[in-house]
$ cat entry.cif   # mmCIF, C-alpha atoms
data_my_file
#
loop_
_atom_site.label_atom_id
_atom_site.label_comp_id
_atom_site.auth_asym_id
_atom_site.auth_seq_id
_atom_site.Cartn_x
_atom_site.Cartn_y
_atom_site.Cartn_z
CA MET A 2 121.26 80.70 137.49
CA LYS A 3 117.99 80.09 139.23
CA LEU A 4 114.70 81.59 138.39
CA ARG A 5 111.22 80.63 139.25
CA SER A 6 108.85 83.16 137.87
CA ASN A 7 106.86 82.36 134.77
CA PHE A 8 106.23 85.88 133.84
CA PHE A 9 109.18 87.86 132.58
CA LEU A 10 108.75 91.56 132.50
CA GLY A 11 111.99 92.13 130.60
CA ASP A 12 111.05 89.70 127.86
CA CYS A 13 107.73 91.45 127.33
CA LEU A 14 109.62 94.72 127.13
CA ILE A 15 112.04 93.30 124.55
CA ILE A 16 109.18 91.91 122.46
CA LEU A 17 107.33 95.22 122.65
CA VAL A 18 110.38 97.23 121.62
CA SER A 19 111.06 94.79 118.76
CA LEU A 20 107.48 95.08 117.55
CA ILE A 21 107.67 98.86 117.60
CA PHE A 22 110.96 98.69 115.73
CA ILE A 23 109.49 96.35 113.10
CA ILE A 24 106.45 98.57 112.56
CA PHE A 25 108.73 101.58 112.37
CA ALA A 26 110.99 99.76 109.88
CA PHE A 27 108.04 98.84 107.67
CA LYS A 28 106.82 102.44 107.71
CA THR A 29 110.26 103.87 107.00
CA PHE A 30 111.55 101.51 104.37
CA TRP A 31 108.34 100.45 102.70
CA HIS A 32 106.55 103.68 102.22
CA PHE A 33 105.23 104.14 98.76
CA GLU A 34 105.01 107.68 97.67
CA THR A 35 102.65 108.79 94.94
CA GLY A 36 104.61 110.60 92.30
CA SER A 37 103.65 113.81 90.59
CA VAL A 38 105.75 113.80 87.45
CA VAL A 39 106.33 111.24 84.75
CA GLN A 40 109.59 111.22 82.88
CA VAL A 41 109.39 109.94 79.35
CA ASN A 42 112.58 108.57 77.87
CA PHE A 43 112.80 107.96 74.18
CA GLN A 44 115.74 106.58 72.20
CA GLY A 45 118.16 107.01 75.08
CA LYS A 46 117.27 110.61 75.81
CA THR A 47 114.76 112.27 78.07
CA TYR A 48 111.86 113.21 75.87
CA GLY A 49 110.27 115.29 78.57
CA ASN A 50 108.77 115.49 82.03
CA PHE A 51 105.01 115.72 82.25
CA SER A 52 102.73 116.39 85.17
CA LEU A 53 100.57 113.45 86.16
CA PHE A 54 97.68 115.76 86.90
CA GLN A 55 97.23 116.98 83.38
CA ASP A 56 95.56 114.40 81.20
CA LYS A 57 97.64 113.89 78.12
CA LYS A 58 98.36 111.46 75.35
CA ILE A 59 101.83 111.29 73.90
CA SER A 60 102.55 109.48 70.69
CA LEU A 61 106.13 108.46 69.98
CA VAL A 62 107.18 107.04 66.63
CA GLY A 63 110.22 104.84 67.02
CA LYS A 64 111.92 102.10 65.04
CA GLU A 65 109.13 99.60 65.52
CA GLY A 66 106.22 101.95 65.11
CA SER A 67 104.07 104.12 67.26
CA SER A 68 103.89 103.94 71.06
CA MET A 69 101.09 105.74 72.81
CA ILE A 70 101.59 106.97 76.39
CA GLU A 71 98.53 108.01 78.32
CA ILE A 72 98.49 110.20 81.43
CA LYS A 73 95.21 110.32 83.27
CA ASP A 74 94.02 110.96 86.85
CA GLY A 75 97.53 111.06 88.35
CA ARG A 76 98.60 107.81 86.71
CA ALA A 77 100.45 106.90 83.56
CA ARG A 78 100.53 103.91 81.27
CA ILE A 79 101.69 102.80 77.89
CA LYS A 80 98.43 102.43 76.07
CA THR A 81 99.62 100.89 72.85
CA ALA A 82 102.96 99.55 71.77
CA PRO A 83 104.05 98.25 68.41
CA CYS A 84 106.04 95.33 69.77
CA LYS A 85 105.15 91.67 69.86
CA ASN A 86 105.23 90.99 73.60
CA GLN A 87 103.20 93.95 74.88
CA TYR A 88 104.82 93.65 78.31
CA CYS A 89 104.74 97.38 78.94
CA VAL A 90 101.09 97.60 77.99
CA GLN A 91 100.11 94.66 80.17
CA GLN A 92 101.74 96.16 83.25
CA GLY A 93 98.99 98.73 83.27
CA TRP A 94 98.94 101.97 85.20
CA ILE A 95 101.79 103.21 87.40
CA ASN A 96 101.67 106.04 89.93
CA PHE A 97 104.24 105.37 92.70
CA THR A 98 107.66 106.98 92.79
CA GLY A 99 110.28 104.82 91.15
CA GLN A 100 107.84 102.70 89.17
CA ILE A 101 108.90 102.28 85.61
CA LEU A 102 107.57 100.88 82.34
CA ILE A 103 109.98 99.92 79.62
CA CYS A 104 109.48 99.01 76.00
CA ILE A 105 112.85 97.86 74.76
CA PRO A 106 111.99 97.25 71.08
CA ASN A 107 110.71 100.76 70.60
CA GLU A 108 113.21 102.37 73.02
CA VAL A 109 110.54 103.93 75.16
CA SER A 110 110.47 104.04 78.93
CA ILE A 111 108.41 106.02 81.39
CA GLU A 112 109.30 106.56 85.02
CA ILE A 113 107.40 108.18 87.86
CA LEU A 114 109.40 110.83 89.68
CA GLY A 115 108.74 112.20 93.13
CA LYS A 116 110.48 114.13 95.85
CA THR A 117 112.79 111.27 96.66
CA LYS A 118 113.93 108.60 94.34
CA ALA A 119 112.89 105.15 95.45
CA TYR A 120 115.41 102.36 95.38
CA ASP A 121 115.03 99.44 93.07
CA SER A 122 117.19 97.09 91.12
CA LEU A 123 117.17 99.41 88.13
CA ASN A 124 118.89 102.39 89.67
CA TYR A 125 121.39 100.15 91.46
CA MET B 7 159.01 50.93 113.06
CA THR B 8 157.36 51.79 116.26
CA ARG B 9 153.86 52.90 116.37
CA SER B 10 153.48 56.25 117.95
CA ILE B 11 150.33 57.02 119.73
CA ILE B 12 149.37 60.60 120.14
CA LYS B 13 147.25 61.07 123.15
CA ILE B 14 145.54 64.33 123.82
CA LYS B 15 144.41 64.84 127.31
CA THR B 16 140.81 65.88 127.26
CA THR B 17 138.93 67.44 130.06
CA LEU B 18 135.30 67.02 130.90
CA LEU B 19 134.66 70.47 129.49
CA ASP B 20 136.14 69.40 126.14
CA HIS B 21 133.71 66.51 126.03
CA GLN B 22 130.81 68.75 126.85
CA ILE B 23 131.84 71.21 124.14
CA ALA B 24 132.18 68.38 121.65
CA GLN B 25 128.77 66.97 122.49
CA LEU B 26 127.02 70.31 122.29
CA SER B 27 128.83 71.21 119.07
CA ALA B 28 127.79 67.91 117.52
CA ILE B 29 124.15 68.64 118.28
CA ALA B 30 124.49 72.20 116.96
CA ILE B 31 126.14 70.97 113.75
CA GLY B 32 123.39 68.41 113.31
CA LEU B 33 120.71 71.05 113.73
CA SER B 34 122.50 73.37 111.28
CA LEU B 35 122.67 70.62 108.70
CA ILE B 36 119.00 69.79 109.10
CA GLU B 37 118.21 73.46 108.71
CA SER B 38 120.31 73.80 105.56
CA VAL B 39 118.08 71.23 103.86
CA LEU B 40 114.88 73.08 104.70
CA PRO B 41 113.61 75.37 101.97
CA SER B 42 113.69 79.06 102.78
CA PRO B 43 111.28 81.66 101.41
CA MET B 44 114.11 84.16 101.06
CA PRO B 45 117.89 83.89 101.30
CA GLY B 46 118.79 84.60 104.90
CA VAL B 47 115.41 83.90 106.43
CA LYS B 48 116.29 80.83 108.48
CA PRO B 49 115.09 79.65 111.87
CA GLY B 50 118.65 79.39 113.23
CA ILE B 51 117.78 76.46 115.48
CA ALA B 52 121.46 75.84 116.25
CA ASN B 53 121.38 78.97 118.38
CA ILE B 54 119.27 77.05 120.86
CA ILE B 55 122.41 75.11 121.71
CA THR B 56 124.51 78.26 122.10
CA LEU B 57 122.01 79.76 124.48
CA TYR B 58 121.63 76.48 126.29
CA ALA B 59 125.41 76.29 126.74
CA ILE B 60 125.50 79.74 128.29
CA TYR B 61 122.88 78.91 130.88
CA ARG B 62 123.90 75.33 131.56
CA PHE B 63 127.67 75.75 131.44
CA ASN B 64 129.42 79.07 130.90
CA PHE B 65 130.04 81.70 128.31
CA LYS B 66 133.34 80.22 127.18
CA THR B 67 131.62 76.95 126.30
CA ALA B 68 129.04 78.86 124.29
CA ILE B 69 131.75 80.64 122.28
CA TRP B 70 133.42 77.32 121.48
CA VAL B 71 130.14 75.67 120.52
CA SER B 72 129.04 78.55 118.33
CA ILE B 73 132.33 79.05 116.48
CA LEU B 74 132.98 75.31 116.07
CA ARG B 75 129.49 74.91 114.68
CA VAL B 76 130.04 77.67 112.09
CA PHE B 77 133.36 76.21 110.93
CA ALA B 78 132.29 72.57 110.92
CA THR B 79 128.98 73.19 109.17
CA SER B 80 130.64 75.24 106.45
CA LEU B 81 133.27 72.55 105.94
CA ILE B 82 130.63 69.83 105.65
CA LEU B 83 128.48 71.87 103.25
CA GLY B 84 131.51 73.02 101.25
CA GLN B 85 130.96 76.67 102.01
CA PHE B 86 134.17 77.30 103.91
CA LEU B 87 135.40 80.90 103.38
CA SER B 88 132.54 81.56 100.97
CA PRO B 89 130.23 84.56 101.48
CA THR B 90 127.73 82.25 103.21
CA PHE B 91 130.40 81.28 105.72
CA MET B 92 131.47 84.88 106.29
CA LEU B 93 127.86 85.90 106.87
CA SER B 94 127.35 83.06 109.27
CA LEU B 95 130.53 83.90 111.17
CA THR B 96 129.76 87.61 111.38
CA GLY B 97 126.27 86.87 112.61
CA SER B 98 127.50 84.44 115.22
CA ILE B 99 130.22 86.75 116.52
CA LEU B 100 127.86 89.69 116.85
CA SER B 101 125.23 87.54 118.45
CA LEU B 102 127.76 86.19 120.96
CA LEU B 103 128.93 89.70 121.71
CA THR B 104 125.37 90.77 122.41
CA LEU B 105 124.77 87.74 124.60
CA TYR B 106 127.93 88.53 126.55
CA PHE B 107 126.36 91.79 127.65
CA VAL B 108 122.70 90.82 127.98
CA ILE B 109 123.42 87.72 130.04
CA LYS B 110 124.35 90.15 132.80
CA LEU B 111 120.77 91.44 132.88
CA PRO B 112 118.85 90.37 135.98
CA SER B 113 117.54 86.88 135.36
CA LYS B 114 114.51 87.68 137.45
CA PHE B 115 113.15 89.73 134.59
CA PHE B 116 114.90 88.33 131.55
CA SER B 117 114.55 84.73 130.44
CA PRO B 118 116.23 82.94 127.52
CA ILE B 119 113.29 84.10 125.39
CA GLY B 120 114.26 87.76 125.58
CA LEU B 121 117.94 86.98 125.20
CA SER B 122 117.26 84.82 122.18
CA ILE B 123 115.30 87.62 120.50
CA LEU B 124 118.12 90.10 121.17
CA SER B 125 120.75 87.69 119.87
CA SER B 126 118.82 86.96 116.69
CA PHE B 127 118.46 90.69 116.09
CA ALA B 128 122.21 91.05 116.57
CA HIS B 129 122.75 88.13 114.20
CA ILE B 130 120.76 89.69 111.39
CA ALA B 131 122.16 93.16 112.07
CA GLY B 132 125.69 91.83 111.65
CA GLN B 133 124.78 90.02 108.47
CA LEU B 134 123.02 93.01 106.95
CA MET B 135 126.01 95.20 107.80
CA LEU B 136 128.37 92.78 106.07
CA VAL B 137 126.07 92.58 103.05
CA ARG B 138 125.86 96.37 102.92
CA LEU B 139 129.62 96.87 103.25
CA TRP B 140 130.90 94.00 101.19
CA LEU B 141 128.45 91.97 99.11
CA ILE B 142 125.87 94.50 97.92
CA PRO B 143 127.24 97.96 98.66
CA HIS B 144 124.00 99.72 97.93
CA ALA B 145 121.30 101.30 100.04
CA SER B 146 118.53 99.23 98.41
CA ILE B 147 119.12 96.38 100.87
CA TYR B 148 117.51 98.54 103.54
CA TYR B 149 114.28 97.42 101.94
CA LEU B 150 114.90 94.03 103.51
CA ILE B 151 115.27 95.30 107.09
CA PRO B 152 111.56 94.99 107.94
CA ILE B 153 111.36 91.40 106.67
CA TYR B 154 114.51 90.30 108.41
CA SER B 155 113.57 91.97 111.69
CA ALA B 156 110.16 90.33 111.64
CA ALA B 157 111.84 86.96 111.03
CA ALA B 158 114.34 87.69 113.82
CA LEU B 159 111.56 88.37 116.29
CA LEU B 160 109.55 85.29 115.30
CA PHE B 161 112.42 82.81 115.23
CA GLY B 162 114.17 84.42 118.18
CA PHE B 163 111.03 83.95 120.21
CA ILE B 164 110.56 80.32 119.14
CA ASN B 165 114.22 79.44 119.78
CA GLY B 166 114.15 81.19 123.12
CA TRP B 167 111.02 79.37 124.13
CA ILE B 168 112.53 76.00 123.18
CA THR B 169 115.69 76.85 125.15
CA TYR B 170 113.58 77.88 128.11
CA ARG B 171 111.70 74.58 128.04
CA LEU B 172 114.92 72.60 127.69
CA LEU B 173 116.52 74.37 130.62
CA LYS B 174 113.43 73.92 132.70
CA GLN B 175 113.39 70.23 131.93
CA HIS B 176 117.00 69.97 133.06
CA ASN B 177 116.30 72.06 136.14
CA SER B 178 118.86 74.64 135.17
CA ILE B 179 116.53 77.53 135.49
#

$ encode --input "entry.cif" --output "structure tokens"
Amino acid sequence: MKLRSNFFLGDCLIILVSLIFIIFAFKTFWHFETGSVVQVNFQGKTYGNFSLFQDKKISLVGKEGSSMIEIKDGRARIKTAPCKNQYCVQQGWINFTGQILICIPNEVSIEILGKTKAYDSLNY
Amino acid sequence: MTRSIIKIKTTLLDHQIAQLSAIAIGLSLIESVLPSPMPGVKPGIANIITLYAIYRFNFKTAIWVSILRVFATSLILGQFLSPTFMLSLTGSILSLLTLYFVIKLPSKFFSPIGLSILSSFAHIAGQLMLVRLWLIPHASIYYLIPIYSAAALLFGFINGWITYRLLKQHNSI
């Protein structure tokens, strides 16, 4: 196999097509969709679905005490939690489809729902 | 008791395959020590030897080098028949299959660089398929496609470029 040229048209084409594919793959698989509904789960059951566009505060009294969920400006968070670690509170606001906040001690979790359900390790 | 000596007749091609495989195994072992940011994101420098074998010798040599490398490396690292080995084998077979077809492309327009990129894409495609079908049968691994394709392009390009330089140095191109 002999070749002399230093410029390879085919290679450039392959690189270009690969780049387009990569950009396309990032757009397809990594799109983050803003959700519109938050599902509140309490003690193993769905407590209710609430719109993210209606500001609301939900207080849930569980085994540990009172958890306060706040919905504001299309986002949701757990404002206060009775537990020791405060992991759910420290994670702050969530607004993308599939994002989830969980407070295990008080059996509270909130999840953002959208048109399509995003994949993550939790719904595996 | 008479000593029996088993002599295997070796051809020049056997020696060439053995030499190339030894280099490929060495490169694989070096690579296995390098830390990786993510499981599966590896430079795959041993593929330089496979590609080199195709251009310098023939396709049959490349198959031998590639498959011997997969088996020997897994035996040395103690991964024989483990998922890692199966992934490696699947990737290599698919990548060889792709090379079998793309090597027929006109060499006036396609250099080892392009072929290397295509083969590394085939490599990762085969591995992701095996992961999807066997190891993690869930759609969430599609999340990883962008990362792995970006790595395939980058490392495919680098490997191809190294192969190109090697071949040029040896006047095979």

$ closest_residue --input "entry.cif" --among "A:Asn42, A:Phe27, A:Thr47, A:Ile21" --to "chain B" --atoms "only C-alpha atoms"
A:Phe27

$ residues_around --input "entry.cif" --residues "Leu124 (chain B)" --least-positions-apart "2" --cutoff "8 Å" --atoms "all atoms listed in the file" --output "PDB file with C-alpha atoms, keeping the file's coordinate frame"
ATOM      1  CA  ILE A  15     112.040  93.300 124.550  1.00  0.00           C
TER       2      ILE A  15
ATOM      3  CA  THR B 104     125.370  90.770 122.410  1.00  0.00           C
ATOM      4  CA  LEU B 105     124.770  87.740 124.600  1.00  0.00           C
ATOM      5  CA  GLY B 120     114.260  87.760 125.580  1.00  0.00           C
ATOM      6  CA  LEU B 121     117.940  86.980 125.200  1.00  0.00           C
ATOM      7  CA  SER B 122     117.260  84.820 122.180  1.00  0.00           C
ATOM      8  CA  SER B 126     118.820  86.960 116.690  1.00  0.00           C
ATOM      9  CA  PHE B 127     118.460  90.690 116.090  1.00  0.00           C
ATOM     10  CA  ALA B 128     122.210  91.050 116.570  1.00  0.00           C
ATOM     11  CA  GLY B 162     114.170  84.420 118.180  1.00  0.00           C
TER      12      GLY B 162
END

$ interface_residues --input "entry.cif" --of "chain B" --to "chain A" --cutoff "9 Å" --atoms "only C-alpha atoms" --output "PyMOL selection string"
chain B and resi 61-62+112-121+123-124+127+144-153+155-156+159+163+177-179

$ resolve_selection --input "entry.cif" --expression "the PyMOL selection byres ((chain A and resi 66-82) around 7)" --output "VMD selection string"
chain A and resid 53 to 65 83 to 84 87 89 to 90 93 to 96

$ residues_around --input "entry.cif" --residues "Tyr106 (chain B)" --least-positions-apart "3" --cutoff "12 Å" --atoms "all atoms listed in the file" --output "ChimeraX atom specification"
/B:56-57,60-61,64-66,68-69,99-103,109-111,121,124-125,128

$ write_last_selection --input "entry.cif" --atoms "C-alpha atoms" --output "short mmCIF file (atom, residue, chain, number, x, y, z; two decimals), in the coordinates of the input"
data_model
loop_
_atom_site.label_atom_id
_atom_site.label_comp_id
_atom_site.auth_asym_id
_atom_site.auth_seq_id
_atom_site.Cartn_x
_atom_site.Cartn_y
_atom_site.Cartn_z
CA THR B 56 124.51 78.26 122.10
CA LEU B 57 122.01 79.76 124.48
CA ILE B 60 125.50 79.74 128.29
CA TYR B 61 122.88 78.91 130.88
CA ASN B 64 129.42 79.07 130.90
CA PHE B 65 130.04 81.70 128.31
CA LYS B 66 133.34 80.22 127.18
CA ALA B 68 129.04 78.86 124.29
CA ILE B 69 131.75 80.64 122.28
CA ILE B 99 130.22 86.75 116.52
CA LEU B 100 127.86 89.69 116.85
CA SER B 101 125.23 87.54 118.45
CA LEU B 102 127.76 86.19 120.96
CA LEU B 103 128.93 89.70 121.71
CA ILE B 109 123.42 87.72 130.04
CA LYS B 110 124.35 90.15 132.80
CA LEU B 111 120.77 91.44 132.88
CA LEU B 121 117.94 86.98 125.20
CA LEU B 124 118.12 90.10 121.17
CA SER B 125 120.75 87.69 119.87
CA ALA B 128 122.21 91.05 116.57
#

$ atom_distance --input "entry.cif" --atom1 "CA of Val39 (chain A)" --atom2 "CA of Ser52 (chain A)"
6.3 Å

$ axis_aligned_box --input "entry.cif" --around "region 73-89 of chain A" --padding-each-side "6 Å" --output "lines of an AutoDock Vina configuration file"
center_x = 100.0
center_y = 101.0
center_z = 78.4
size_x = 24.0
size_y = 32.1
size_z = 31.9

$ residues_around --input "entry.cif" --residues "Ala24 (chain B)" --least-positions-apart "5" --cutoff "12 Å" --atoms "all atoms listed in the file" --output "list of chain:residue names"
B:Thr16, B:Thr17, B:Leu18, B:Leu19, B:Ile29, B:Ala30, B:Ile31, B:Ile55, B:Ala59, B:Thr67, B:Ala68, B:Trp70, B:Val71, B:Ser72, B:Ile73, B:Leu74, B:Arg75, B:Ala78

$ closest_residue --input "entry.cif" --among "B:Gly97, B:Pro43, B:Pro89, B:Gly50" --to "Ile142 (chain B)" --atoms "all atoms listed in the file"
B:Pro89

$ resolve_selection --input "entry.cif" --expression "the PyMOL selection byres ((chain A and resi 115) around 12)" --output "ChimeraX atom specification"
/A:33-40,50,52-53,96-100,112-114,116-119

$ write_last_selection --input "entry.cif" --atoms "C-alpha atoms" --output "CSV table (one decimal), in the coordinates of the input"
chain,number,residue,atom,x,y,z
A,33,PHE,CA,105.2,104.1,98.8
A,34,GLU,CA,105.0,107.7,97.7
A,35,THR,CA,102.6,108.8,94.9
A,36,GLY,CA,104.6,110.6,92.3
A,37,SER,CA,103.6,113.8,90.6
A,38,VAL,CA,105.8,113.8,87.4
A,39,VAL,CA,106.3,111.2,84.8
A,40,GLN,CA,109.6,111.2,82.9
A,50,ASN,CA,108.8,115.5,82.0
A,52,SER,CA,102.7,116.4,85.2
A,53,LEU,CA,100.6,113.4,86.2
A,96,ASN,CA,101.7,106.0,89.9
A,97,PHE,CA,104.2,105.4,92.7
A,98,THR,CA,107.7,107.0,92.8
A,99,GLY,CA,110.3,104.8,91.2
A,100,GLN,CA,107.8,102.7,89.2
A,112,GLU,CA,109.3,106.6,85.0
A,113,ILE,CA,107.4,108.2,87.9
A,114,LEU,CA,109.4,110.8,89.7
A,116,LYS,CA,110.5,114.1,95.8
A,117,THR,CA,112.8,111.3,96.7
A,118,LYS,CA,113.9,108.6,94.3
A,119,ALA,CA,112.9,105.2,95.4

$ atom_distance --input "entry.cif" --atom1 "CA of Ile36 (chain B)" --atom2 "CA of Ile82 (chain B)"
12.1 Å

$ atom_distance --input "entry.cif" --atom1 "CA of Ile23 (chain B)" --atom2 "CA of Phe161 (chain B)"
24.3 Å

$ residues_near_point --input "entry.cif" --point "(113.2, 101.1, 71.1)" --cutoff "8 Å" --atoms "all atoms listed in the file" --output "list in words"
Phe43, Gln44, Gly63, Lys64, Glu65, Cys104, Ile105, Pro106, Asn107, Glu108 and Val109 of chain A

$ write_last_selection --input "entry.cif" --atoms "C-alpha atoms" --output "PDB file, keeping the file's coordinate frame"
ATOM      1  CA  PHE A  43     112.800 107.960  74.180  1.00  0.00           C
ATOM      2  CA  GLN A  44     115.740 106.580  72.200  1.00  0.00           C
ATOM      3  CA  GLY A  63     110.220 104.840  67.020  1.00  0.00           C
ATOM      4  CA  LYS A  64     111.920 102.100  65.040  1.00  0.00           C
ATOM      5  CA  GLU A  65     109.130  99.600  65.520  1.00  0.00           C
ATOM      6  CA  CYS A 104     109.480  99.010  76.000  1.00  0.00           C
ATOM      7  CA  ILE A 105     112.850  97.860  74.760  1.00  0.00           C
ATOM      8  CA  PRO A 106     111.990  97.250  71.080  1.00  0.00           C
ATOM      9  CA  ASN A 107     110.710 100.760  70.600  1.00  0.00           C
ATOM     10  CA  GLU A 108     113.210 102.370  73.020  1.00  0.00           C
ATOM     11  CA  VAL A 109     110.540 103.930  75.160  1.00  0.00           C
TER      12      VAL A 109
END
